[in-house]
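Structure below is data-v4.cif: mmCIF, C-alpha atoms.
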```
data_structure
#
loop_
_atom_site.label_atom_id
_atom_site.label_comp_id
_atom_site.auth_asym_id
_atom_site.auth_seq_id
_atom_site.Cartn_x
_atom_site.Cartn_y
_atom_site.Cartn_z
CA MET A 23 115.75 120.20 188.46
CA LYS A 24 116.73 117.35 186.13
CA PHE A 25 115.56 114.85 188.73
CA GLU A 26 112.10 116.52 188.91
CA LYS A 27 111.78 116.37 185.10
CA SER A 28 112.73 112.70 185.12
CA VAL A 29 110.12 111.88 187.76
CA PHE A 30 107.50 113.82 185.81
CA ALA A 31 108.35 111.92 182.61
CA GLY A 32 108.06 108.58 184.44
CA ILE A 33 104.63 109.51 185.80
CA MET A 34 103.43 110.44 182.28
CA ALA A 35 104.71 107.13 180.83
CA ILE A 36 102.87 105.17 183.53
CA ALA A 37 99.68 107.12 182.81
CA ALA A 38 99.98 106.49 179.08
CA THR A 39 100.53 102.76 179.65
CA ALA A 40 97.47 102.61 181.91
CA ALA A 41 95.38 104.33 179.26
CA LEU A 42 96.56 101.88 176.58
CA VAL A 43 95.80 98.87 178.77
CA SER A 44 92.34 100.30 179.39
CA GLY A 45 91.76 100.59 175.62
CA CYS A 46 93.01 97.06 174.90
CA ASP A 47 90.63 95.78 177.56
CA GLY A 48 87.73 97.03 175.44
CA LYS A 49 86.67 99.87 177.79
CA GLY A 50 86.30 103.55 176.93
CA PRO A 51 87.10 106.63 178.99
CA ALA A 52 84.08 106.12 181.21
CA GLY A 53 84.86 102.43 181.72
CA LYS A 54 82.25 101.26 179.19
CA VAL A 55 83.00 98.39 176.83
CA SER A 56 83.54 99.66 173.28
CA TYR A 57 82.53 97.35 170.41
CA ARG A 58 83.13 97.36 166.73
CA THR A 59 79.91 96.64 164.87
CA ALA A 60 78.59 95.97 161.36
CA PRO A 61 75.02 96.54 160.12
CA ILE A 62 72.72 93.64 159.30
CA THR A 63 71.13 94.51 155.98
CA ARG A 64 69.17 93.05 153.06
CA THR A 65 71.23 92.63 149.90
CA ASP A 66 72.34 90.31 147.09
CA ILE A 67 75.40 88.07 147.48
CA ARG A 68 77.50 86.46 144.75
CA ARG A 69 80.20 83.87 145.45
CA THR A 70 82.73 83.68 142.65
CA VAL A 71 85.91 81.95 141.58
CA GLU A 72 88.42 84.22 139.88
CA ALA A 73 90.77 83.03 137.13
CA THR A 74 92.43 84.02 133.90
CA GLY A 75 92.07 82.25 130.59
CA THR A 76 92.81 82.42 126.89
CA ILE A 77 90.23 83.03 124.21
CA THR A 78 90.25 80.27 121.58
CA PRO A 79 88.10 79.20 118.65
CA ARG A 80 85.61 76.48 119.39
CA ASN A 81 86.92 72.90 119.48
CA THR A 82 90.59 73.84 118.98
CA LYS A 83 93.08 76.14 120.69
CA SER A 84 94.64 77.58 117.53
CA GLY A 85 92.05 76.89 114.84
CA ILE A 86 91.40 73.88 112.63
CA PRO A 87 94.52 73.07 110.57
CA VAL A 88 93.88 72.63 106.85
CA GLY A 89 96.76 70.71 105.31
CA ALA A 90 98.11 69.24 102.08
CA GLN A 91 98.03 65.44 101.89
CA VAL A 92 100.10 65.19 98.70
CA ASN A 93 103.42 66.60 97.54
CA GLY A 94 103.62 69.31 94.95
CA LYS A 95 103.85 72.96 94.06
CA LEU A 96 101.17 75.23 95.49
CA ILE A 97 100.04 77.03 92.35
CA LYS A 98 97.10 78.98 93.79
CA LEU A 99 95.83 80.33 97.11
CA PHE A 100 92.24 81.52 96.92
CA VAL A 101 92.05 82.99 100.46
CA ASP A 102 94.11 85.21 102.73
CA TYR A 103 94.15 86.27 106.40
CA ASN A 104 90.64 87.02 107.75
CA SER A 105 88.94 85.54 104.68
CA VAL A 106 85.50 84.13 105.48
CA VAL A 107 85.13 80.58 104.15
CA THR A 108 82.35 78.04 103.97
CA ASN A 109 82.35 74.28 104.33
CA GLY A 110 83.66 72.71 101.09
CA GLN A 111 85.00 75.95 99.60
CA VAL A 112 88.22 75.62 97.58
CA VAL A 113 90.99 77.47 99.44
CA ALA A 114 94.17 76.28 97.66
CA LEU A 115 95.34 74.26 94.65
CA ILE A 116 98.42 72.02 94.25
CA ASP A 117 99.75 71.34 90.75
CA PRO A 118 97.64 68.31 89.64
CA LEU A 119 99.63 67.37 86.49
CA VAL A 120 101.53 64.38 87.93
CA TYR A 121 98.51 63.04 89.82
CA ALA A 122 96.26 63.35 86.76
CA ALA A 123 98.75 61.23 84.79
CA GLU A 124 98.85 58.63 87.56
CA TYR A 125 95.08 58.50 87.54
CA LYS A 126 94.95 57.86 83.78
CA SER A 127 97.60 55.14 84.09
CA ALA A 128 95.61 53.44 86.86
CA VAL A 129 92.46 53.54 84.76
CA ALA A 130 94.34 51.96 81.84
CA ARG A 131 95.63 49.15 84.07
CA LEU A 132 92.07 48.54 85.20
CA HIS A 133 90.90 48.14 81.62
CA VAL A 134 93.71 45.64 80.95
CA ALA A 135 92.72 43.63 84.00
CA GLU A 136 89.06 43.61 82.97
CA ALA A 137 90.01 42.39 79.47
CA ASP A 138 92.14 39.63 81.01
CA VAL A 139 89.10 38.50 82.96
CA GLN A 140 87.20 38.06 79.70
CA VAL A 141 90.07 35.98 78.25
CA LYS A 142 90.12 33.78 81.32
CA GLU A 143 86.35 33.31 81.15
CA CYS A 144 86.67 32.06 77.54
CA ALA A 145 89.45 29.69 78.56
CA LEU A 146 87.25 28.33 81.32
CA LYS A 147 84.41 27.70 78.86
CA THR A 148 86.81 25.79 76.56
CA ALA A 149 88.08 23.68 79.44
CA ARG A 150 84.55 22.85 80.56
CA ALA A 151 83.59 21.83 76.99
CA ALA A 152 86.58 19.49 76.81
CA PHE A 153 85.63 18.11 80.22
CA ASP A 154 82.06 17.43 79.07
CA LEU A 155 83.30 15.55 75.98
CA ALA A 156 85.78 13.56 78.03
CA GLU A 157 83.10 12.66 80.52
CA LYS A 158 80.75 11.38 77.79
CA THR A 159 83.55 9.43 76.10
CA PHE A 160 84.46 7.82 79.42
CA GLY A 161 80.85 6.73 79.90
CA ARG A 162 80.63 5.14 76.47
CA LYS A 163 83.96 3.34 76.76
CA LYS A 164 83.04 2.03 80.18
CA ALA A 165 79.75 0.59 78.87
CA LEU A 166 81.47 -1.05 75.91
CA VAL A 167 84.17 -2.59 78.08
CA GLU A 168 81.56 -3.99 80.44
CA LYS A 169 79.88 -5.64 77.43
CA LYS A 170 83.32 -6.78 76.22
CA MET A 171 82.78 -4.91 72.98
CA ALA A 172 85.86 -2.68 73.39
CA PRO A 173 89.36 -3.22 74.70
CA VAL A 174 90.26 -2.12 78.24
CA ALA A 175 92.97 0.14 76.80
CA ASP A 176 90.28 2.39 75.34
CA LEU A 177 88.73 2.78 78.81
CA ASP A 178 92.15 3.69 80.25
CA THR A 179 92.64 6.34 77.58
CA ALA A 180 89.17 7.80 78.28
CA THR A 181 89.89 7.85 82.01
CA GLU A 182 93.17 9.69 81.48
CA THR A 183 91.48 12.25 79.21
CA LEU A 184 88.71 12.84 81.77
CA GLN A 185 91.25 13.47 84.54
CA ARG A 186 93.25 15.84 82.32
CA THR A 187 90.18 17.91 81.41
CA THR A 188 89.08 18.02 85.04
CA ALA A 189 92.42 19.54 86.00
CA ALA A 190 92.18 21.96 83.09
CA VAL A 191 88.79 23.18 84.33
CA ALA A 192 90.19 23.72 87.83
CA SER A 193 93.18 25.62 86.42
CA ALA A 194 90.93 27.80 84.26
CA GLU A 195 88.75 28.59 87.26
CA ALA A 196 91.83 29.58 89.31
CA SER A 197 93.10 31.77 86.49
CA LEU A 198 89.74 33.48 86.27
CA ALA A 199 89.71 34.13 90.03
CA SER A 200 93.24 35.61 89.77
CA ALA A 201 92.16 37.85 86.92
CA LYS A 202 89.18 39.07 88.93
CA ALA A 203 91.46 39.81 91.90
CA SER A 204 93.68 41.83 89.56
CA VAL A 205 90.62 43.84 88.58
CA GLU A 206 89.91 44.61 92.25
CA SER A 207 93.53 45.66 92.77
CA ALA A 208 93.37 47.86 89.67
CA LYS A 209 90.16 49.45 90.96
CA ALA A 210 91.87 50.21 94.29
CA SER A 211 94.76 51.81 92.41
CA VAL A 212 92.27 53.92 90.47
CA ASP A 213 90.57 54.98 93.70
CA GLN A 214 93.91 55.93 95.26
CA ALA A 215 95.01 57.86 92.18
CA GLU A 216 91.67 59.61 92.04
CA ALA A 217 91.92 60.51 95.75
CA ASN A 218 95.43 61.92 95.29
CA LEU A 219 94.19 63.94 92.35
CA GLY A 220 91.36 65.21 94.52
CA TYR A 221 93.77 66.13 97.32
CA CYS A 222 95.38 68.61 94.94
CA THR A 223 92.27 70.72 95.49
CA ILE A 224 92.29 71.79 99.17
CA ARG A 225 88.88 72.63 100.63
CA SER A 226 87.72 74.16 103.91
CA PRO A 227 86.29 71.54 106.30
CA VAL A 228 84.12 74.05 108.21
CA ASN A 229 82.45 77.44 108.06
CA GLY A 230 84.81 79.97 109.60
CA ILE A 231 87.53 82.55 109.09
CA VAL A 232 91.19 82.16 108.12
CA ILE A 233 93.36 83.12 111.09
CA ASP A 234 96.74 81.90 109.85
CA ARG A 235 98.50 81.07 106.58
CA LYS A 236 101.52 78.77 106.60
CA VAL A 237 102.69 78.80 102.96
CA GLU A 238 102.88 81.10 99.95
CA GLU A 239 101.95 80.61 96.32
CA GLY A 240 104.72 78.87 94.39
CA GLU A 241 106.05 77.09 97.47
CA THR A 242 106.49 73.32 97.26
CA VAL A 243 104.88 71.33 100.03
CA VAL A 244 106.24 67.91 100.96
CA SER A 245 103.88 65.62 102.84
CA SER A 246 105.35 62.51 104.43
CA MET A 247 103.55 60.85 107.36
CA ASN A 248 101.51 63.89 108.34
CA ALA A 249 99.58 66.48 106.39
CA VAL A 250 101.53 69.70 105.87
CA PRO A 251 99.56 72.64 107.33
CA VAL A 252 98.59 75.27 104.79
CA LEU A 253 95.97 77.31 106.65
CA SER A 254 94.35 77.55 110.08
CA ILE A 255 90.62 78.23 110.15
CA ALA A 256 88.69 79.33 113.22
CA GLU A 257 85.24 77.84 113.27
CA ASP A 258 82.48 80.51 113.46
CA LEU A 259 83.89 83.23 115.72
CA ASN A 260 80.37 84.37 116.63
CA THR A 261 80.79 81.89 119.48
CA ILE A 262 84.14 81.45 121.22
CA TRP A 263 85.66 79.41 124.02
CA VAL A 264 87.75 80.59 126.93
CA SER A 265 90.21 78.02 128.26
CA ALA A 266 90.96 78.65 131.95
CA SER A 267 93.01 76.80 134.59
CA ILE A 268 91.22 76.49 137.94
CA PRO A 269 93.18 75.49 141.10
CA GLU A 270 92.14 72.31 142.85
CA ALA A 271 91.04 74.32 145.91
CA ASP A 272 88.29 75.96 143.83
CA ILE A 273 87.43 73.29 141.26
CA GLY A 274 84.96 71.59 143.62
CA ASN A 275 82.72 74.67 143.53
CA VAL A 276 82.70 74.92 139.73
CA LYS A 277 79.84 73.15 137.93
CA VAL A 278 78.82 72.85 134.28
CA GLY A 279 76.28 75.51 133.34
CA GLN A 280 77.35 78.12 135.89
CA LYS A 281 77.29 81.75 134.77
CA VAL A 282 80.62 83.38 133.93
CA THR A 283 81.48 87.02 133.33
CA PHE A 284 84.84 88.07 131.93
CA THR A 285 86.72 91.04 130.57
CA ALA A 286 89.42 91.49 127.96
CA ASP A 287 92.05 94.20 128.13
CA ALA A 288 91.08 95.46 124.67
CA TYR A 289 87.55 96.52 125.71
CA ARG A 290 85.92 98.40 128.57
CA ARG A 291 82.98 96.04 128.89
CA ARG A 292 81.99 92.71 130.37
CA PHE A 293 81.16 89.62 128.38
CA GLU A 294 78.96 86.76 129.58
CA GLY A 295 79.21 83.01 129.11
CA PHE A 296 78.75 79.71 130.92
CA VAL A 297 80.85 76.76 132.01
CA LYS A 298 80.65 74.26 129.15
CA GLN A 299 83.13 71.60 130.25
CA ILE A 300 85.29 70.65 133.23
CA ARG A 301 88.16 68.46 132.10
CA ARG A 302 89.87 65.89 134.32
CA ALA A 303 93.32 66.36 132.78
CA ALA A 304 95.13 67.83 135.77
CA THR A 305 98.30 69.88 135.34
CA THR A 306 100.89 70.40 138.08
CA GLU A 307 103.17 73.43 137.97
CA ASN A 308 105.21 74.70 140.91
CA ASN A 309 103.34 72.20 143.14
CA VAL A 310 100.00 73.81 142.17
CA VAL A 311 97.43 71.45 140.66
CA THR A 312 95.00 73.01 138.18
CA PHE A 313 92.21 71.67 135.99
CA PRO A 314 91.21 73.04 132.58
CA VAL A 315 87.72 74.53 132.42
CA ILE A 316 86.10 75.54 129.13
CA ILE A 317 83.74 78.53 129.05
CA GLU A 318 81.55 79.17 126.02
CA ALA A 319 80.42 82.71 125.25
CA GLU A 320 78.84 84.77 122.52
CA ASN A 321 81.22 87.03 120.60
CA PRO A 322 79.16 90.05 119.48
CA GLU A 323 80.47 91.55 116.26
CA GLU A 324 83.43 89.15 116.59
CA MET A 325 85.11 91.62 118.95
CA LEU A 326 87.13 88.96 120.75
CA PHE A 327 90.12 87.53 118.90
CA PRO A 328 91.70 84.10 119.48
CA GLY A 329 94.70 84.42 121.78
CA MET A 330 93.34 87.32 123.88
CA THR A 331 93.64 87.03 127.66
CA ALA A 332 90.36 87.02 129.61
CA THR A 333 89.90 87.75 133.31
CA LEU A 334 87.12 85.45 134.52
CA SER A 335 84.65 85.50 137.35
CA ILE A 336 82.75 82.21 137.67
CA GLU A 337 79.59 82.55 139.77
CA THR A 338 79.51 79.44 141.95
CA ALA A 339 76.66 80.52 144.25
CA ARG A 340 74.21 83.39 144.59
CA ALA A 341 71.54 84.61 146.96
CA ASP A 342 69.22 87.47 146.02
CA ASP A 343 67.45 89.79 148.46
CA VAL A 344 68.67 88.07 151.62
CA ILE A 345 69.61 89.21 155.13
CA ALA A 346 73.41 89.38 155.41
CA VAL A 347 76.16 90.67 157.67
CA ALA A 348 79.92 91.09 157.48
CA ALA A 349 81.65 87.70 157.72
CA ALA A 350 83.76 89.00 160.62
CA ALA A 351 80.64 88.92 162.82
CA MET A 352 80.59 85.12 162.47
CA ARG A 353 83.99 84.89 164.12
CA PHE A 354 83.35 87.16 167.15
CA ARG A 355 83.52 85.53 170.61
CA PRO A 356 82.57 87.63 173.70
CA LYS A 357 84.85 87.83 176.71
CA GLU A 358 83.94 86.03 179.92
CA GLU A 359 82.92 89.27 181.63
CA ASP A 360 80.35 89.90 178.85
CA LEU A 361 79.08 86.33 178.97
CA SER A 362 78.62 86.54 182.75
CA ARG A 363 76.17 89.40 182.33
CA ILE A 364 73.78 87.26 180.23
CA ALA A 365 71.02 85.66 182.29
CA GLY A 366 70.34 81.95 181.98
CA GLU A 367 72.26 79.23 180.20
CA ILE A 368 73.63 80.06 176.76
CA PRO A 369 72.68 77.28 174.31
CA ARG A 370 75.17 75.56 172.07
CA GLY A 371 75.35 76.35 168.36
CA ARG A 372 76.62 79.06 166.07
CA LYS A 373 75.67 82.46 167.42
CA LEU A 374 75.57 85.97 166.06
CA TRP A 375 76.18 88.54 168.78
CA LEU A 376 74.05 91.66 168.60
CA MET A 377 74.28 95.07 170.21
CA PRO A 378 71.56 95.43 172.88
CA GLN A 379 68.53 97.49 171.88
CA LYS A 380 68.70 99.32 175.23
CA GLU A 381 71.88 100.96 176.42
CA GLY A 382 73.41 99.21 179.40
CA ASP A 383 71.87 95.82 178.65
CA PRO A 384 74.12 92.81 177.99
CA LEU A 385 74.89 91.56 174.48
CA GLU A 386 72.17 89.56 172.73
CA TYR A 387 72.74 86.42 170.72
CA PHE A 388 70.97 84.85 167.77
CA LEU A 389 71.32 81.20 166.74
CA PHE A 390 71.81 81.01 162.98
CA GLU A 391 72.90 78.89 160.05
CA GLU A 392 75.30 80.19 157.45
CA GLY A 393 74.05 80.62 153.89
CA VAL A 394 75.85 81.88 150.81
CA SER A 395 79.05 83.76 151.53
CA ASP A 396 81.44 85.76 149.37
CA ASP A 397 84.11 85.70 152.14
CA SER A 398 83.30 89.29 153.13
CA PHE A 399 79.54 89.08 153.66
CA THR A 400 77.46 86.06 154.65
CA GLU A 401 73.78 85.22 154.37
CA ILE A 402 72.03 84.58 157.72
CA LEU A 403 69.53 81.73 157.93
CA GLY A 404 67.22 80.80 160.81
CA ASP A 405 63.88 81.54 162.45
CA GLY A 406 63.24 85.23 162.99
CA VAL A 407 65.96 86.43 160.60
CA PRO A 408 63.82 89.23 159.04
CA ALA A 409 63.59 90.91 162.46
CA LEU A 410 67.38 91.37 162.49
CA GLU A 411 67.38 93.75 159.53
CA GLY A 412 68.74 97.13 160.53
CA ARG A 413 70.36 95.96 163.76
CA GLU A 414 74.10 96.03 164.55
CA ALA A 415 76.15 92.84 164.86
CA VAL A 416 79.30 92.84 166.97
CA VAL A 417 82.49 92.04 165.09
CA GLY A 418 85.06 92.80 167.82
CA TYR A 419 86.33 95.07 170.57
CA HIS A 420 88.00 98.41 170.10
CA THR A 421 91.67 98.19 170.92
CA ALA A 422 92.32 101.92 171.52
CA THR A 423 90.38 104.52 173.50
CA THR A 424 90.80 107.00 170.67
CA VAL A 425 88.32 105.05 168.53
CA LYS A 426 84.76 105.99 169.25
CA ALA A 427 82.27 103.30 170.18
CA THR A 428 80.00 104.10 167.22
CA GLY A 429 81.02 101.17 164.99
CA ASP A 430 82.66 103.57 162.48
CA ASN A 431 85.86 101.60 161.92
CA PRO A 432 87.88 102.35 158.75
CA PHE A 433 89.03 98.69 158.62
CA MET A 434 85.47 97.33 158.76
CA PRO A 435 83.97 96.18 155.41
CA LYS A 436 81.30 98.60 154.24
CA PRO A 437 77.90 97.40 152.96
CA PRO A 438 78.51 96.05 149.45
CA LYS A 439 77.72 97.90 146.25
CA ARG A 440 75.90 96.19 143.40
CA GLY A 441 77.88 94.71 140.54
CA GLN A 442 81.42 95.09 141.87
CA ASN A 443 84.26 92.60 142.11
CA LYS A 444 84.71 89.44 144.19
CA GLY A 445 84.51 89.96 147.92
CA THR A 446 81.74 92.51 147.65
CA ALA A 447 78.01 92.16 147.48
CA PRO A 448 75.55 94.61 145.89
CA GLU A 449 74.36 97.74 147.65
CA PRO A 450 71.50 97.15 150.12
CA LYS A 451 68.09 97.49 148.63
CA LYS A 452 65.91 100.38 149.69
CA GLN A 453 62.77 99.59 151.55
#
```

Represent the structure of the file as structure tokens.
Amino acid sequence: MKFEKSVFAGIMAIAATAALVSGCDGKGPAGKVSYRTAPITRTDIRRTVEATGTITPRNTKSGIPVGAQVNGKLIKLFVDYNSVVTNGQVVALIDPLVYAAEYKSAVARLHVAEADVQVKECALKTARAAFDLAEKTFGRKKALVEKKMAPVADLDTATETLQRTTAAVASAEASLASAKASVESAKASVDQAEANLGYCTIRSPVNGIVIDRKVEEGETVVSSMNAVPVLSIAEDLNTIWVSASIPEADIGNVKVGQKVTFTADAYRRRFEGFVKQIRRAATTENNVVTFPVIIEAENPEEMLFPGMTATLSIETARADDVIAVAAAAMRFRPKEEDLSRIAGEIPRGRKLWLMPQKEGDPLEYFLFEEGVSDDSFTEILGDGVPALEGREAVVGYHTATTVKATGDNPFMPKPPKRGQNKGTAPEPKKQ
């Protein structure tokens, strides 16, 4: 009895194996080849690059720093977090007492230097007068000596006086030049003192909003080589930037001006922008090379805050109202037994394999060129493409006899719906 059951079980195993082999061979219960198919339909296709980025103010990642360029006690802050400021508005004040005194001292030194110039100018006039007299005396003595009406000693004395007055004029001129240089130096000191006094009043460099405050009233700021930050101001948050890192595999498809849509976790809506800049400063992390890409977008009602994370979709290509099919159909290759049923020579080139319009006929092929693709659906280009609309393209063979040969495969991509994520195209348009 046990032996009979064992034989029966062996026969059933052999039958099951034969059935499985039949299904893997692409033939149904009646011996017919069973194909998996996808519809050829008219739709819109969007190819996108997905990334994440950080929302920042324009031009800077963390706002424009407004700092103190002089040392002193911060005696007044005129703004706080989220205060709206304009270009040139006073936002803080450092105690100006010391710098006002330095300014007055510099002005006084300037006046002294200007008075010294006047003294030197008078000295130069005196020296030139003495030189003129010496020159005339030398001329007279020389004429008298030539006529032998005066001793030679008088001519020597006149010559020595002329040389001494000449040197005095040169010295007076040099002293005057030095005095004038002192005036220029004093003026520079006045300008510096005036600038330091002006730095006590801190003003906003742009129109924007205060996003950070570094110090409190009464705190002493000490500025050495760099300006001490007091505030950070975001420039006009009606327009923001999104800084994203794009991998090198995708950066070649990204171009300036391309449309970008993105979301932020804080809102259930999509925002729109465009690629403003592609920077060449590559960054390598964990052997992955990325490039920074800047997206500019409108910020309605200033909903987006600096520092928020944005999920981006950069549209790198699009095709509207085109004939398309599942990308898997591009990769299908018929078996030799199917190719042998096709009459004539099969030409070279990329081919799309179609279900025959009449049952029992061999597969049909269509020579095509590939258009825009979103990796799931691909645009079909070529002569006679409009006639393919509505037909079924073969994407593969059924691998089990339990799957019906109707093309209804749960693993097959369905026709795309409009406005969904990457890897889908919009729903086919109605005729």

Shortest interatomic distance to A:Thr188 - which of A:Glu318, A:Glu241, A:Glu157, A:Glu216, counting only C-alpha atoms: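 Between A:Glu318, A:Glu241, A:Glu157, A:Glu216, the residue approaching A:Thr188 most closely is A:Glu157.
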
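Between atom CA of A:Ile317 and atom CA of A:Ala304 the interatomic distance comes to 17.0 Å.
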
Between atom CA of A:Glu323 and atom CA of A:Arg225 - distance in Å to one decimal: 25.9 Å

Point-to-point distance from atom CA of A:Ala288 to atom CA of A:Asn321, Å rounded to tenths: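 Atom-to-atom, atom CA of A:Ala288 and atom CA of A:Asn321 are spaced 13.6 Å apart.
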
Chain and number of each residue from the PyMOL selection byres ((chain A and resi 196-206) around 6), as a PyMOL selection string: chain A and resi 132+135-136+139+142+193-195+207-209

Polymer residues at most 9 Å from A:Pro314, only C-alpha atoms, same-chain spacing of 5 or more positions, as a compact mmCIF listing (two decimals) with C-alpha atoms, in the frame of the given file:
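Result file follows (part34.txt):
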```txt
# COMPACT_ATOMS: atom_id res chain seq x y z
CA SER A 265 90.21 78.02 128.26
CA ALA A 266 90.96 78.65 131.95
CA SER A 267 93.01 76.80 134.59
CA ILE A 268 91.22 76.49 137.94
CA GLN A 299 83.13 71.60 130.25
CA ILE A 300 85.29 70.65 133.23
CA ARG A 301 88.16 68.46 132.10
CA ARG A 302 89.87 65.89 134.32
CA ALA A 303 93.32 66.36 132.78
CA ALA A 304 95.13 67.83 135.77
CA THR A 305 98.30 69.88 135.34
```

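Summary of the local environment: counting only C-alpha atoms, residues at most 7 Å from A:Ala346, other than itself and those fewer than 5 positions away along its chain, are Ile62, Thr63, Arg64, Thr65, Phe399, Thr400, Glu401 and Ile402 of chain A.
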
I want to know what sits within 8 Å of A:Asn229, based on all atoms listed in the file, with residues of the same chain fewer than 3 positions away left out; could you give that as a short mmCIF file (atom, residue, chain, number, x, y, z; two decimals) with C-alpha atoms, in the frame of the given file?
```cif
data_model
loop_
_atom_site.label_atom_id
_atom_site.label_comp_id
_atom_site.auth_asym_id
_atom_site.auth_seq_id
_atom_site.Cartn_x
_atom_site.Cartn_y
_atom_site.Cartn_z
CA VAL A 106 85.50 84.13 105.48
CA VAL A 107 85.13 80.58 104.15
CA THR A 108 82.35 78.04 103.97
CA ASN A 109 82.35 74.28 104.33
CA SER A 226 87.72 74.16 103.91
CA GLU A 257 85.24 77.84 113.27
CA ASP A 258 82.48 80.51 113.46
#
```

Polymer residues at most 10 Å from A:Asn248, only C-alpha atoms, same-chain spacing of 4 or more positions, as an MDAnalysis selection string: chainID A and resid 89:92 244

Shell of 12 Å around A:Val250, only C-alpha atoms, local chain residues under 5 positions omitted, as a list of chain:residue names: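 The residues that qualify are A:Pro87, A:Val88, A:Gly89, A:Ala90, A:Gln91, A:Val92, A:Asn93, A:Gly94, A:Leu96, A:Ile224, A:Arg235, A:Lys236, A:Val237, A:Thr242, A:Val243, A:Val244, A:Ser245.
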
Would you save the residues from that selection as a PDB file, in the coordinates of the input, using C-alpha atoms?
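And here is the file that came out, again38.pdb:
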```pdb
ATOM      1  CA  PRO A  87      94.520  73.070 110.570  1.00  0.00           C
ATOM      2  CA  VAL A  88      93.880  72.630 106.850  1.00  0.00           C
ATOM      3  CA  GLY A  89      96.760  70.710 105.310  1.00  0.00           C
ATOM      4  CA  ALA A  90      98.110  69.240 102.080  1.00  0.00           C
ATOM      5  CA  GLN A  91      98.030  65.440 101.890  1.00  0.00           C
ATOM      6  CA  VAL A  92     100.100  65.190  98.700  1.00  0.00           C
ATOM      7  CA  ASN A  93     103.420  66.600  97.540  1.00  0.00           C
ATOM      8  CA  GLY A  94     103.620  69.310  94.950  1.00  0.00           C
ATOM      9  CA  LEU A  96     101.170  75.230  95.490  1.00  0.00           C
ATOM     10  CA  ILE A 224      92.290  71.790  99.170  1.00  0.00           C
ATOM     11  CA  ARG A 235      98.500  81.070 106.580  1.00  0.00           C
ATOM     12  CA  LYS A 236     101.520  78.770 106.600  1.00  0.00           C
ATOM     13  CA  VAL A 237     102.690  78.800 102.960  1.00  0.00           C
ATOM     14  CA  THR A 242     106.490  73.320  97.260  1.00  0.00           C
ATOM     15  CA  VAL A 243     104.880  71.330 100.030  1.00  0.00           C
ATOM     16  CA  VAL A 244     106.240  67.910 100.960  1.00  0.00           C
ATOM     17  CA  SER A 245     103.880  65.620 102.840  1.00  0.00           C
TER      18      SER A 245
END
```

Top pick for closest residue to A:Ala256, considering A:Val310, A:Val228, A:Val101, A:Ala137 and counting only C-alpha atoms: A:Val228

Picked residues, the PyMOL selection byres ((chain A and resi 375) around 7), expected as a ChimeraX atom specification: /A:373-374,376-377,385-388,415-416
